[in-house]
Each structure stands twice: as C-alpha cells, then as structure tokens.
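The file model_23.txt contains compact mmCIF, C-alpha atoms:
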```txt
# COMPACT_ATOMS: atom_id res chain seq x y z
CA MET G 1 79.11 66.91 113.53
CA LYS G 2 78.51 63.53 115.21
CA LYS G 3 74.75 63.73 114.73
CA ILE G 4 75.10 64.32 111.01
CA MET G 5 77.46 61.38 110.60
CA GLY G 6 75.15 59.13 112.58
CA LEU G 7 72.23 60.00 110.37
CA THR G 8 74.25 59.38 107.25
CA VAL G 9 75.46 55.98 108.48
CA ALA G 10 71.92 55.04 109.35
CA ALA G 11 70.78 56.09 105.89
CA LEU G 12 73.45 53.95 104.28
CA LEU G 13 72.49 50.93 106.36
CA ILE G 14 68.81 51.26 105.48
CA MET G 15 69.60 51.55 101.79
CA GLY G 16 71.79 48.44 101.98
CA LEU G 17 68.96 46.45 103.57
CA VAL G 18 66.29 47.63 101.14
CA GLY G 19 68.29 46.78 97.96
CA GLY G 20 66.86 43.20 97.72
CA GLY G 21 68.56 42.11 94.45
CA THR G 22 68.73 38.31 93.87
CA TRP G 23 68.34 36.04 96.83
CA ALA G 24 69.53 32.40 96.52
CA TYR G 25 66.75 29.88 97.40
CA PHE G 26 65.96 26.23 96.75
CA SER G 27 64.01 25.27 93.61
CA ASP G 28 63.26 22.27 91.47
CA THR G 29 62.00 22.16 87.86
CA GLU G 30 59.91 19.41 86.22
CA SER G 31 58.37 19.29 82.75
CA SER G 32 55.40 17.65 81.09
CA THR G 33 56.35 16.93 77.50
CA ASN G 34 54.71 15.15 74.56
CA ASN G 35 51.26 16.29 75.35
CA THR G 36 49.69 15.25 72.03
CA PHE G 37 46.21 15.64 70.66
CA THR G 38 45.36 13.09 67.93
CA ALA G 39 41.98 12.88 66.29
CA GLY G 40 40.50 9.39 65.95
CA THR G 41 39.27 8.00 62.66
CA LEU G 42 35.86 6.93 61.52
CA ASN G 43 36.04 5.02 58.26
CA LEU G 44 33.28 2.95 56.72
CA THR G 45 34.49 0.38 54.22
CA PRO G 46 31.81 -1.42 52.20
CA SER G 47 32.11 -4.56 50.14
CA ILE G 48 29.58 -6.53 48.13
CA ALA G 49 28.98 -10.08 46.95
CA GLY G 50 26.24 -11.54 44.79
CA THR G 51 25.01 -15.02 43.91
CA GLY G 52 22.49 -16.03 41.30
CA PRO G 53 21.83 -18.03 38.13
CA ALA G 54 24.95 -18.73 36.10
CA GLY G 55 25.72 -16.10 33.51
CA LYS G 56 23.21 -13.61 34.89
CA VAL G 57 25.18 -12.03 37.75
CA THR G 58 27.51 -9.04 37.43
CA VAL G 59 29.31 -7.83 40.55
CA SER G 60 30.99 -4.42 40.46
CA ASP G 61 34.76 -4.45 40.06
CA PRO G 62 36.20 -3.70 42.52
CA ALA G 63 33.75 -5.09 45.02
CA THR G 64 35.41 -3.51 48.05
CA GLY G 65 36.79 -0.15 49.01
CA ASP G 66 36.39 3.37 50.27
CA GLY G 67 34.48 5.62 47.98
CA ILE G 68 33.71 2.72 45.67
CA ASP G 69 30.11 2.45 44.55
CA VAL G 70 29.65 -1.30 44.92
CA ASN G 71 26.71 -3.06 43.32
CA VAL G 72 25.30 -6.29 41.89
CA ALA G 73 23.23 -6.48 38.71
CA TYR G 74 21.14 -9.37 37.40
CA ALA G 75 19.98 -9.65 33.77
CA ASN G 76 17.59 -11.96 31.90
CA LEU G 77 15.91 -13.26 35.02
CA VAL G 78 13.09 -15.77 34.63
CA PRO G 79 10.54 -17.30 37.00
CA GLY G 80 12.31 -19.78 39.26
CA ASP G 81 15.55 -17.78 39.50
CA SER G 82 16.94 -16.94 42.93
CA GLY G 83 20.04 -15.44 44.49
CA THR G 84 21.53 -13.32 47.26
CA ILE G 85 23.16 -9.92 47.61
CA THR G 86 25.48 -9.45 50.60
CA TRP G 87 26.63 -6.02 51.80
CA THR G 88 29.51 -6.26 54.28
CA LEU G 89 30.20 -3.03 56.13
CA GLU G 90 33.35 -2.58 58.16
CA ASN G 91 34.33 0.25 60.48
CA SER G 92 38.04 0.38 59.80
CA GLY G 93 38.46 3.44 62.00
CA SER G 94 39.45 3.90 65.63
CA ILE G 95 36.20 5.23 67.08
CA ASP G 96 32.72 3.78 67.30
CA GLY G 97 29.96 4.90 64.97
CA ASP G 98 26.21 4.59 64.51
CA LEU G 99 25.09 3.20 61.15
CA THR G 100 22.17 4.70 59.22
CA ILE G 101 20.75 3.39 55.96
CA LEU G 102 18.81 5.34 53.35
CA SER G 103 17.56 3.61 50.22
CA THR G 104 15.54 4.10 47.04
CA VAL G 105 13.92 1.04 45.46
CA THR G 106 12.36 1.71 42.06
CA PHE G 107 10.18 -0.61 39.96
CA THR G 108 9.76 -0.18 36.21
CA GLU G 109 7.47 -1.82 33.62
CA ASN G 110 9.68 -1.19 30.52
CA GLY G 111 6.92 -1.66 27.96
CA ALA G 112 4.67 -4.68 27.51
CA GLY G 113 5.42 -7.24 24.82
CA SER G 114 2.73 -9.50 23.43
CA PRO G 115 3.22 -12.30 25.98
CA GLU G 116 2.66 -9.77 28.80
CA THR G 117 -0.49 -8.35 27.30
CA LYS G 118 -1.97 -11.84 26.85
CA ALA G 119 -1.78 -12.61 30.58
CA THR G 120 -5.12 -12.52 32.36
CA THR G 121 -4.56 -13.82 35.87
CA PRO G 122 -2.99 -11.52 36.93
CA THR G 123 -3.10 -8.85 34.26
CA ASN G 124 0.11 -7.14 33.32
CA ASP G 125 1.37 -4.15 35.33
CA ASN G 126 -1.42 -4.51 37.84
CA GLY G 127 0.04 -1.98 40.29
CA GLY G 128 1.22 0.51 37.68
CA ASN G 129 4.96 0.11 38.24
CA GLY G 130 5.79 -3.22 36.67
CA ASP G 131 5.27 -6.53 38.39
CA LEU G 132 8.55 -7.40 40.06
CA ASP G 133 7.50 -5.53 43.22
CA GLU G 134 4.92 -8.21 43.91
CA TYR G 135 6.58 -11.29 42.51
CA ILE G 136 10.12 -11.18 43.82
CA GLY G 137 10.03 -12.65 47.30
CA VAL G 138 12.79 -11.59 49.71
CA THR G 139 14.20 -11.83 53.18
CA LEU G 140 16.64 -9.28 54.62
CA THR G 141 18.91 -10.07 57.56
CA GLN G 142 21.27 -7.98 59.68
CA LYS G 143 24.26 -9.52 61.46
CA ILE G 144 26.24 -7.39 63.90
CA GLY G 145 29.68 -8.79 64.64
CA SER G 146 29.57 -12.35 65.95
CA ALA G 147 25.94 -12.10 67.08
CA ALA G 148 23.34 -14.19 65.26
CA ALA G 149 21.69 -12.62 62.23
CA THR G 150 18.23 -11.15 62.75
CA TYR G 151 15.48 -10.67 60.16
CA LEU G 152 14.57 -7.15 59.08
CA LEU G 153 12.19 -8.45 56.38
CA GLY G 154 10.55 -11.85 56.07
CA ASP G 155 11.55 -14.71 58.32
CA ALA G 156 13.09 -18.18 58.29
CA THR G 157 10.08 -19.76 56.60
CA ASN G 158 8.53 -17.01 54.51
CA LYS G 159 9.69 -14.56 51.96
CA VAL G 160 7.72 -11.34 51.49
CA PRO G 161 7.28 -9.14 48.39
CA ILE G 162 10.30 -6.95 47.61
CA SER G 163 7.95 -3.93 47.65
CA GLY G 164 8.69 -3.73 51.39
CA LEU G 165 12.47 -3.51 50.98
CA GLU G 166 12.86 0.27 50.96
CA ALA G 167 10.96 0.72 54.22
CA ALA G 168 12.91 -2.07 55.91
CA LEU G 169 16.26 -0.60 54.90
CA ASP G 170 15.24 2.93 55.87
CA ALA G 171 14.17 1.71 59.30
CA VAL G 172 17.86 1.29 60.14
CA THR G 173 18.05 4.75 61.69
CA GLY G 174 17.53 6.57 64.97
CA GLY G 175 16.90 4.17 67.81
CA ALA G 176 17.39 1.23 65.46
CA SER G 177 20.83 2.37 64.31
CA PRO G 178 23.31 -0.36 65.15
CA THR G 179 26.65 0.69 66.62
CA MET G 180 29.74 -0.24 64.69
CA GLN G 181 32.62 -0.79 67.07
CA GLU G 182 36.08 0.53 66.37
CA ASP G 183 38.24 -1.63 64.14
CA GLY G 184 39.40 -4.81 65.81
CA VAL G 185 36.57 -5.01 68.34
CA ASP G 186 33.74 -7.54 67.85
CA GLY G 187 30.96 -5.58 66.21
CA ASP G 188 33.19 -3.61 63.87
CA THR G 189 31.53 -5.43 60.99
CA ILE G 190 27.83 -5.53 60.08
CA ILE G 191 26.54 -7.77 57.28
CA TYR G 192 23.24 -7.33 55.42
CA VAL G 193 22.00 -10.21 53.26
CA LEU G 194 19.13 -9.90 50.79
CA THR G 195 17.89 -13.34 49.74
CA TRP G 196 15.54 -13.20 46.76
CA GLU G 197 13.65 -15.51 44.48
CA ILE G 198 11.08 -15.00 41.78
CA ALA G 199 7.99 -16.03 43.66
CA ALA G 200 8.13 -19.67 44.59
CA ASP G 201 7.26 -18.94 48.19
CA VAL G 202 5.77 -15.51 48.77
CA GLU G 203 3.20 -14.60 51.34
CA GLY G 204 1.15 -11.48 50.97
CA ALA G 205 -2.14 -10.08 49.85
CA GLY G 206 -2.72 -10.08 46.12
CA VAL G 207 0.30 -12.18 45.25
CA ASP G 208 -0.06 -15.29 43.12
CA VAL G 209 1.54 -17.84 45.41
CA LYS G 210 1.67 -20.38 42.60
CA PHE G 211 4.40 -18.49 40.79
CA GLY G 212 7.40 -20.67 40.16
CA THR G 213 5.89 -23.80 41.70
CA ALA G 214 5.03 -26.98 39.85
CA ASP G 215 1.41 -26.06 39.19
CA ASP G 216 1.92 -22.48 38.08
CA VAL G 217 0.52 -21.22 34.84
CA ALA G 218 3.20 -20.07 32.41
CA ALA G 219 0.99 -17.35 30.94
CA ASP G 220 0.73 -15.70 34.40
CA ASP G 221 4.50 -15.56 34.77
CA ASN G 222 4.80 -13.57 31.53
CA VAL G 223 3.67 -10.39 33.32
CA LEU G 224 7.25 -10.11 34.62
CA GLN G 225 8.90 -9.96 31.19
CA SER G 226 11.30 -7.02 30.74
CA ASP G 227 10.39 -5.50 34.15
CA THR G 228 13.17 -4.17 36.39
CA VAL G 229 13.83 -3.22 40.00
CA ASP G 230 16.63 -0.79 40.92
CA ILE G 231 18.06 -0.62 44.44
CA ASP G 232 20.19 2.36 45.54
CA ILE G 233 21.53 2.41 49.09
CA THR G 234 23.49 4.98 51.07
CA PHE G 235 25.24 3.82 54.25
CA THR G 236 26.25 6.54 56.72
CA LEU G 237 28.46 5.98 59.76
CA ASP G 238 28.24 8.80 62.30
CA GLN G 239 30.38 9.31 65.36
CA THR G 240 28.47 7.79 68.27
CA THR G 241 26.70 10.45 70.33
CA SER G 242 26.48 10.05 74.15
CA MET Z 1 41.45 42.56 91.14
CA LYS Z 2 42.38 38.88 90.91
CA LYS Z 3 38.89 37.75 91.85
CA LEU Z 4 37.27 39.90 89.15
CA LEU Z 5 39.67 38.60 86.51
CA GLY Z 6 38.97 35.04 87.56
CA LEU Z 7 35.19 35.49 87.21
CA THR Z 8 35.52 37.09 83.78
CA ILE Z 9 37.59 34.22 82.43
CA ALA Z 10 35.13 31.67 83.74
CA PHE Z 11 32.23 33.53 82.14
CA ILE Z 12 33.86 33.60 78.71
CA LEU Z 13 34.54 29.87 78.85
CA LEU Z 14 30.94 29.12 79.79
CA THR Z 15 29.55 31.17 76.91
CA SER Z 16 31.60 29.38 74.29
CA MET Z 17 30.50 26.02 75.62
CA THR Z 18 26.77 26.69 75.63
CA GLY Z 19 26.66 28.22 72.11
CA ILE Z 20 25.89 24.85 70.52
CA GLY Z 21 24.71 25.61 66.94
CA THR Z 22 26.11 23.01 64.51
CA TRP Z 23 28.71 20.77 65.98
CA ALA Z 24 31.25 19.34 63.59
CA TYR Z 25 31.44 15.58 64.06
CA PHE Z 26 33.02 12.74 62.21
CA SER Z 27 31.03 10.79 59.66
CA ASP Z 28 31.66 8.66 56.60
CA VAL Z 29 29.22 7.98 53.78
CA GLU Z 30 29.42 5.09 51.32
CA THR Z 31 27.02 4.06 48.57
CA SER Z 32 25.80 0.97 46.82
CA SER Z 33 23.80 2.22 43.88
CA ASN Z 34 22.54 0.73 40.63
CA ASN Z 35 21.88 -2.69 42.06
CA GLN Z 36 19.43 -4.08 39.56
CA MET Z 37 17.27 -7.11 38.89
CA ALA Z 38 16.00 -7.25 35.33
CA ALA Z 39 13.66 -9.87 33.93
CA GLY Z 40 14.42 -11.17 30.47
CA THR Z 41 12.00 -11.59 27.58
CA LEU Z 42 10.75 -14.51 25.55
CA ASP Z 43 8.50 -13.70 22.62
CA LEU Z 44 7.72 -16.02 19.72
CA LYS Z 45 6.92 -14.52 16.35
CA THR Z 46 5.70 -16.48 13.36
CA ASN Z 47 7.06 -14.82 10.21
CA ASP Z 48 7.81 -11.76 12.37
CA VAL Z 49 4.25 -11.30 13.58
CA ASP Z 50 2.07 -12.70 16.34
CA GLY Z 51 0.11 -15.46 14.66
CA VAL Z 52 -0.30 -16.12 10.95
CA SER Z 53 -2.99 -17.75 8.88
CA GLU Z 54 -3.27 -19.69 5.65
CA THR Z 55 0.22 -21.08 5.81
CA ILE Z 56 -0.88 -24.07 3.87
CA SER Z 57 -4.18 -23.97 2.08
CA ALA Z 58 -5.60 -25.59 -0.94
CA THR Z 59 -9.03 -25.85 -2.46
CA ASN Z 60 -10.28 -28.12 -5.21
CA MET Z 61 -7.71 -30.71 -4.35
CA ALA Z 62 -7.79 -33.84 -6.46
CA PRO Z 63 -6.39 -37.20 -5.31
CA GLY Z 64 -2.61 -37.15 -5.68
CA ASN Z 65 -2.35 -33.33 -5.42
CA THR Z 66 0.51 -32.06 -3.30
CA VAL Z 67 0.54 -28.78 -1.42
CA GLY Z 68 3.69 -27.14 -0.10
CA PRO Z 69 6.23 -27.30 1.41
CA GLN Z 70 5.21 -24.07 3.04
CA THR Z 71 7.45 -22.46 5.63
CA ILE Z 72 6.80 -20.55 8.83
CA ASN Z 73 9.83 -18.87 10.36
CA LEU Z 74 9.64 -19.29 14.12
CA LYS Z 75 11.66 -16.54 15.77
CA ASN Z 76 12.40 -16.03 19.47
CA THR Z 77 12.55 -12.23 19.57
CA GLY Z 78 13.32 -12.26 23.28
CA SER Z 79 16.56 -12.17 25.25
CA ILE Z 80 16.21 -15.56 26.89
CA ASN Z 81 17.15 -18.86 25.26
CA ALA Z 82 14.02 -20.96 25.05
CA SER Z 83 14.66 -24.56 26.02
CA GLY Z 84 11.80 -26.18 24.18
CA LEU Z 85 9.08 -25.85 21.56
CA ASP Z 86 5.70 -27.60 21.71
CA LEU Z 87 3.82 -28.30 18.47
CA SER Z 88 0.16 -29.13 18.40
CA PHE Z 89 -2.34 -29.52 15.57
CA SER Z 90 -6.10 -29.42 15.58
CA TYR Z 91 -8.73 -29.21 12.88
CA ILE Z 92 -12.41 -28.66 12.33
CA GLU Z 93 -14.64 -29.76 9.54
CA SER Z 94 -14.88 -27.27 6.72
CA ASP Z 95 -16.70 -28.66 3.73
CA GLY Z 96 -17.47 -27.24 0.32
CA THR Z 97 -20.73 -27.59 -1.55
CA PRO Z 98 -22.41 -29.67 -2.83
CA ASN Z 99 -21.23 -32.25 -0.28
CA VAL Z 100 -23.22 -35.28 -1.44
CA ILE Z 101 -21.64 -37.68 1.03
CA ASN Z 102 -20.37 -36.05 4.20
CA MET Z 103 -17.18 -37.54 5.55
CA SER Z 104 -16.14 -36.60 9.08
CA ALA Z 105 -13.23 -34.34 9.82
CA ASP Z 106 -11.23 -37.29 11.18
CA GLU Z 107 -11.93 -39.35 8.09
CA THR Z 108 -10.93 -36.48 5.84
CA ALA Z 109 -7.80 -35.83 7.86
CA ALA Z 110 -6.84 -39.47 7.54
CA MET Z 111 -6.75 -39.10 3.76
CA ILE Z 112 -4.28 -36.19 3.85
CA GLN Z 113 -0.78 -37.59 4.10
CA VAL Z 114 1.98 -35.49 5.68
CA ILE Z 115 4.88 -35.82 3.30
CA THR Z 116 7.18 -33.15 4.74
CA LEU Z 117 7.46 -32.02 8.34
CA ASN Z 118 10.70 -30.21 9.14
CA TYR Z 119 11.74 -28.17 12.15
CA GLY Z 120 15.07 -26.40 12.36
CA GLY Z 121 16.17 -28.06 9.13
CA VAL Z 122 15.60 -31.54 10.54
CA SER Z 123 12.74 -33.86 9.57
CA ILE Z 124 10.44 -34.76 12.45
CA LEU Z 125 8.19 -37.07 10.39
CA ASP Z 126 9.47 -40.01 12.41
CA SER Z 127 8.04 -38.40 15.55
CA ILE Z 128 4.51 -38.89 14.22
CA SER Z 129 2.86 -42.12 15.32
CA ASP Z 130 0.58 -43.90 12.82
CA GLY Z 131 -2.27 -43.98 15.30
CA ASN Z 132 -4.93 -44.91 12.79
CA ALA Z 133 -2.73 -47.70 11.42
CA ASN Z 134 -3.25 -46.91 7.76
CA ALA Z 135 0.46 -47.36 7.01
CA TYR Z 136 1.22 -43.70 6.39
CA LYS Z 137 1.52 -40.50 8.45
CA ASP Z 138 -1.53 -38.27 8.02
CA ILE Z 139 -3.10 -35.16 9.51
CA GLN Z 140 -5.18 -37.20 11.95
CA ASP Z 141 -2.00 -38.89 13.19
CA LEU Z 142 -0.39 -35.47 13.48
CA LYS Z 143 -3.23 -34.24 15.66
CA ASN Z 144 -3.00 -37.21 17.97
CA THR Z 145 0.77 -37.28 18.41
CA ASP Z 146 2.37 -35.51 21.36
CA LEU Z 147 4.87 -33.21 19.72
CA SER Z 148 5.94 -31.33 22.83
CA GLY Z 149 9.49 -30.81 24.01
CA LEU Z 150 11.12 -30.31 20.64
CA SER Z 151 14.40 -28.40 20.64
CA GLY Z 152 14.22 -24.78 21.74
CA ILE Z 153 15.13 -21.54 20.02
CA GLY Z 154 17.87 -19.25 21.33
CA GLY Z 155 17.29 -15.57 22.04
CA SER Z 156 17.11 -13.54 18.82
CA SER Z 157 17.31 -16.77 16.82
CA THR Z 158 15.05 -18.33 14.20
CA LYS Z 159 14.15 -21.88 13.26
CA ALA Z 160 12.12 -22.77 10.19
CA PHE Z 161 9.04 -24.96 10.27
CA GLU Z 162 8.05 -26.60 6.99
CA ILE Z 163 5.06 -28.70 6.06
CA ALA Z 164 3.86 -30.35 2.88
CA VAL Z 165 0.82 -32.60 2.43
CA GLN Z 166 -0.73 -34.78 -0.25
CA LEU Z 167 -4.28 -35.92 -0.78
CA ARG Z 168 -3.84 -39.69 -1.02
CA PRO Z 169 -4.17 -41.00 -4.58
CA GLU Z 170 -6.69 -43.63 -3.50
CA THR Z 171 -9.10 -41.02 -2.07
CA GLY Z 172 -12.56 -42.03 -3.23
CA ASN Z 173 -15.47 -39.97 -4.60
CA ASP Z 174 -17.16 -40.00 -1.22
CA TYR Z 175 -14.63 -37.37 -0.15
CA GLN Z 176 -15.68 -34.87 -2.79
CA ALA Z 177 -16.27 -31.43 -1.22
CA ASP Z 178 -15.15 -32.60 2.20
CA GLY Z 179 -12.53 -30.46 3.86
CA ILE Z 180 -10.87 -29.45 7.10
CA THR Z 181 -9.39 -26.25 8.52
CA ILE Z 182 -6.21 -26.93 10.46
CA THR Z 183 -4.81 -24.86 13.32
CA MET Z 184 -1.12 -25.26 14.11
CA THR Z 185 -0.07 -24.06 17.56
CA PHE Z 186 3.55 -23.31 18.46
CA THR Z 187 4.44 -22.81 22.13
CA LEU Z 188 7.92 -21.65 23.04
CA ASN Z 189 8.98 -22.44 26.60
CA GLN Z 190 11.64 -20.90 28.86
```
Would you mind writing the file out in structure tokens?
Amino acid sequence: MKKIMGLTVAALLIMGLVGGGTWAYFSDTESSTNNTFTAGTLNLTPSIAGTGPAGKVTVSDPATGDGIDVNVAYANLVPGDSGTITWTLENSGSIDGDLTILSTVTFTENGAGSPETKATTPTNDNGGNGDLDEYIGVTLTQKIGSAAATYLLGDATNKVPISGLEAALDAVTGGASPTMQEDGVDGDTIIYVLTWEIAADVEGAGVDVKFGTADDVAADDNVLQSDTVDIDITFTLDQTTS
Amino acid sequence: MKKLLGLTIAFILLTSMTGIGTWAYFSDVETSSNNQMAAGTLDLKTNDVDGVSETISATNMAPGNTVGPQTINLKNTGSINASGLDLSFSYIESDGTPNVINMSADETAAMIQVITLNYGGVSILDSISDGNANAYKDIQDLKNTDLSGLSGIGGSSTKAFEIAVQLRPETGNDYQADGITITMTFTLNQ
C-alpha cells in the first residue's frame, strides 16, 4: 500500500515540475521606425538664348523648361553678320549625372540663283552641300559651374569653319563627359556658347579669309545666298556610374 | 540544419547580384532641335530678267531728234533689303556707213544730251557733272560721273529707271554716220 502511494506521489511531483507553462523573466522592447527608402531625382533642364543682327533672330518660346525643344533660328543672314547661341543646362535633381551630347549638323544649298552662279572665286557649292559649312566661322566653349570656360572648337583668337561643329559636340561623351552636380552644388549648371560670324576671321584650308573684311570681293560672297545650316542637339544626363 | 539553411540563403542572394544584364538607371534626355542659320538672297532683275539690251536705241537720228523716255524696271527679287544701287555707263564707237568724217566716241557722246534721267520716280539729272563744260548734261558726262551709292531697293520691291536723250540741234554734218553703243550697268548692294 505504502509503496504504491509513494510512487504515485513521485509521479505527481515529476509532472508538476515538467509542466513549464509561462515563466516570468525580464525583457525590454525597442523599435526602429520610419525606415524610408526615397529615390533621388535626376532632372536636366535646358534653356536657350540667342543674339544676332536685329530682326533676324527668333528664339523659341518658351526658351526654358523640361521637355521643351528649345532653339534659335536666324533668317536673311548676309556676309558680316554675327551672333551667339547659348545653351544653359541645369541639373535640377538631387543626384549627380554625366552629360552626353549627340548632334546632327546639316548643310543645304537650296538652289542657286543667278548671283551664286556668277561667282568664280570660289565657285558656288564647292563642297556639294552649300557653302555655309566653310564660311561661317565659329568658336564653341564649355563652362562647368563657376570654373572658367574652355574651348571645344576654335580659340580666343581664331574662329574655325562650322563644318567641325558636329564632331566637337559629339566629343562630349565617355571620358569627356562632364559631371553635373546635384542641384545647389557648384557644377550643377553647364553652359555651352556657340559664337559665330560669317567669315571675317576664319582659319582653315580652302577658306577665303577675305570674306567679310574690307577688301573682300562682293561677287565671292554671293555663293552663300539662300544656303542653310541646321543644328539638332540631344543632351542626355545619366546617373553617374562609379 | 541551421547551417545548411544559412548557406542556401547566401547562395541565392549572390546569384541575384551577379546576374547583371541591363541595369535600370536614372537618365533624362532633352533636345534642342531646328536651330537654323539661313542666308538671305539679293538678286537684281532688269525687267524681270538678268540683263536686257536695246533699252534705248535709235538709228538715223537727225539733230534735234529725241529718243525715249525708255524705262527699265529694276527689281530686287531677293529677301534682303539692298542698301544701295550703283549706276555706271560706258560706250564704244559704233558708226554707220559711209562715215566720211569719223568723230570719236567721246565727241559723239558729247553731242547726245541726256534730257531725262529718273530713278525711283526722282530725277537724278542734277547728279551728273558737266565734265566737258559744254553747258549741258550729255552721255560723255554721264560716263564720267560717279553715280554710285544711290538709294537701295527693298526685298521684293521695284524701282523704275528712265532715260531719254536728244541729239543736240547744233550737231554738225561732220557727225553724220557716227554712233555709239552704250552699256548701262546696275549694281545692287547689300
């Protein structure tokens, strides 16, 4: 009798010990809230300005803005005319970007009137694509932020034929891509200035350097009549790699 | 068990990171197209063609005969306003037969008085200097006067040029069969 009771008591005790249930113990809880992920912005904002002979300059309206195709057009140009086109590019976003330029510069003859066909030195349409490619002299500068402007085409004393413009613009790529800083940091703005004149001071093989100067021959200048040059530029700002 | 699970997770992460392919990245593209430089035109037409002849001609002129006024319409068919017109006259001897006594071209020209010379509706006779001092304006005087820098012609505009001449009444018999052919040159400048 006693042995059975002892065993039973022991069994009860063991069961009581094994039933763990909920123990009280110390604890402390902390939280990490407002973990937010926000994407930055990369936003290229172009604007344009143009100077030139009175009554011959048309600047696109508006001249500034996202998704706006800004441009400057000149009409009725004559030997001796000159002007500038300024493209101001701003990174109005919050992250840095690398700027790439791609351009197409097209020259057109547009038919030869009688004054053009009478020219002999040089003859009209000598290169087969009109004559403005040779006889508009240009310089192209690039100014990054507050740094001094540097020449991409021509230099401080010489203009060069505008036929070299496309290659100079397209060279702004790869290792030569300037970085546009995020908005508000010096370098968030890059300015390109094209300074042009109809050949008063052009250096280059095959170009009549007398164009537009006091001793030029009017009959030579006539080869430019009705010719056009069209400039199309695409600016791309890419998130900076590395 | 835990260790195997840990390795598997790490492996999956690594795979997704090395599968580069095309990354999406931010970029913005803007354009400046249709920038254009266009040269204008300046083209002078005389009576709507390039160059005319026999504007004013006469044969068998007798002293006192008048020829003209004849008109040439000078049109700037270009897009640019021309600021100035230059006029110049030249002549060569052009005699008939029989020319018993040969007078020179200059002498003959001196006997042909210019009685009308209009440009743009305004007389420019006063611009001719009487270089040979014979008290009237003649073709020789016209040749020797600098008539450059007259008023220009606007784009797509026309100005009329008129000329009339008279063989002087006192022209003597020595001038019989003598003659000249005159070339008038119009230069329109930007």
Using all atoms listed in the file, select each residue of chain Z with any atom at most 6 Å away from an atom of chain G, and give the selection as a count of residues only.
16
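For the atom pair formed by CA of Gln70 in chain Z and CA of Glu54 in chain Z, the distance is 9.9 Å, given to one decimal.
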Starting from 4 Å padding per side, set up an axis-aligned box that covers all listed atoms of range 52-66 of chain G and hand over centre and edge lengths in Å, one decimal, as AutoDock Vina command-line options.
```
--center_x 29.3 --center_y -7.7 --center_z 41.9 --size_x 23.0 --size_y 30.1 --size_z 24.8
```
Leaving out Lys159 in chain Z and any residue of its chain fewer than 3 positions from it, which residues lie within 7 Å of it when counting all atoms listed in the file, given as a PyMOL selection string?
chain Z and resi 73-75+119-120+153
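If only C-alpha atoms are the atoms counted, then among G:Asp221, G:Gly83, G:Thr195, G:Thr189 the closest residue to Ala54 in chain G is G:Gly83.
Taking CA of Gly111 in chain G and CA of Gly80 in chain G as the two end points, the separation is 22.0 Å.
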Å distance separating CA of Ser88 in chain Z from CA of Phe186 in chain Z, one decimal place:
6.7 Å
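Once Tyr91 in chain Z and its same-chain neighbours fewer than 5 positions away are set aside, Ile180, Thr181, Ile182 and Thr183 of chain Z remain within 7 Å of it when counting all atoms listed in the file.
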Grab the residues selected above and save them as a short mmCIF file (atom, residue, chain, number, x, y, z; two decimals), keeping the file's coordinate frame with C-alpha atoms.
```cif
data_model
loop_
_atom_site.label_atom_id
_atom_site.label_comp_id
_atom_site.auth_asym_id
_atom_site.auth_seq_id
_atom_site.Cartn_x
_atom_site.Cartn_y
_atom_site.Cartn_z
CA ILE Z 180 -10.87 -29.45 7.10
CA THR Z 181 -9.39 -26.25 8.52
CA ILE Z 182 -6.21 -26.93 10.46
CA THR Z 183 -4.81 -24.86 13.32
#
```
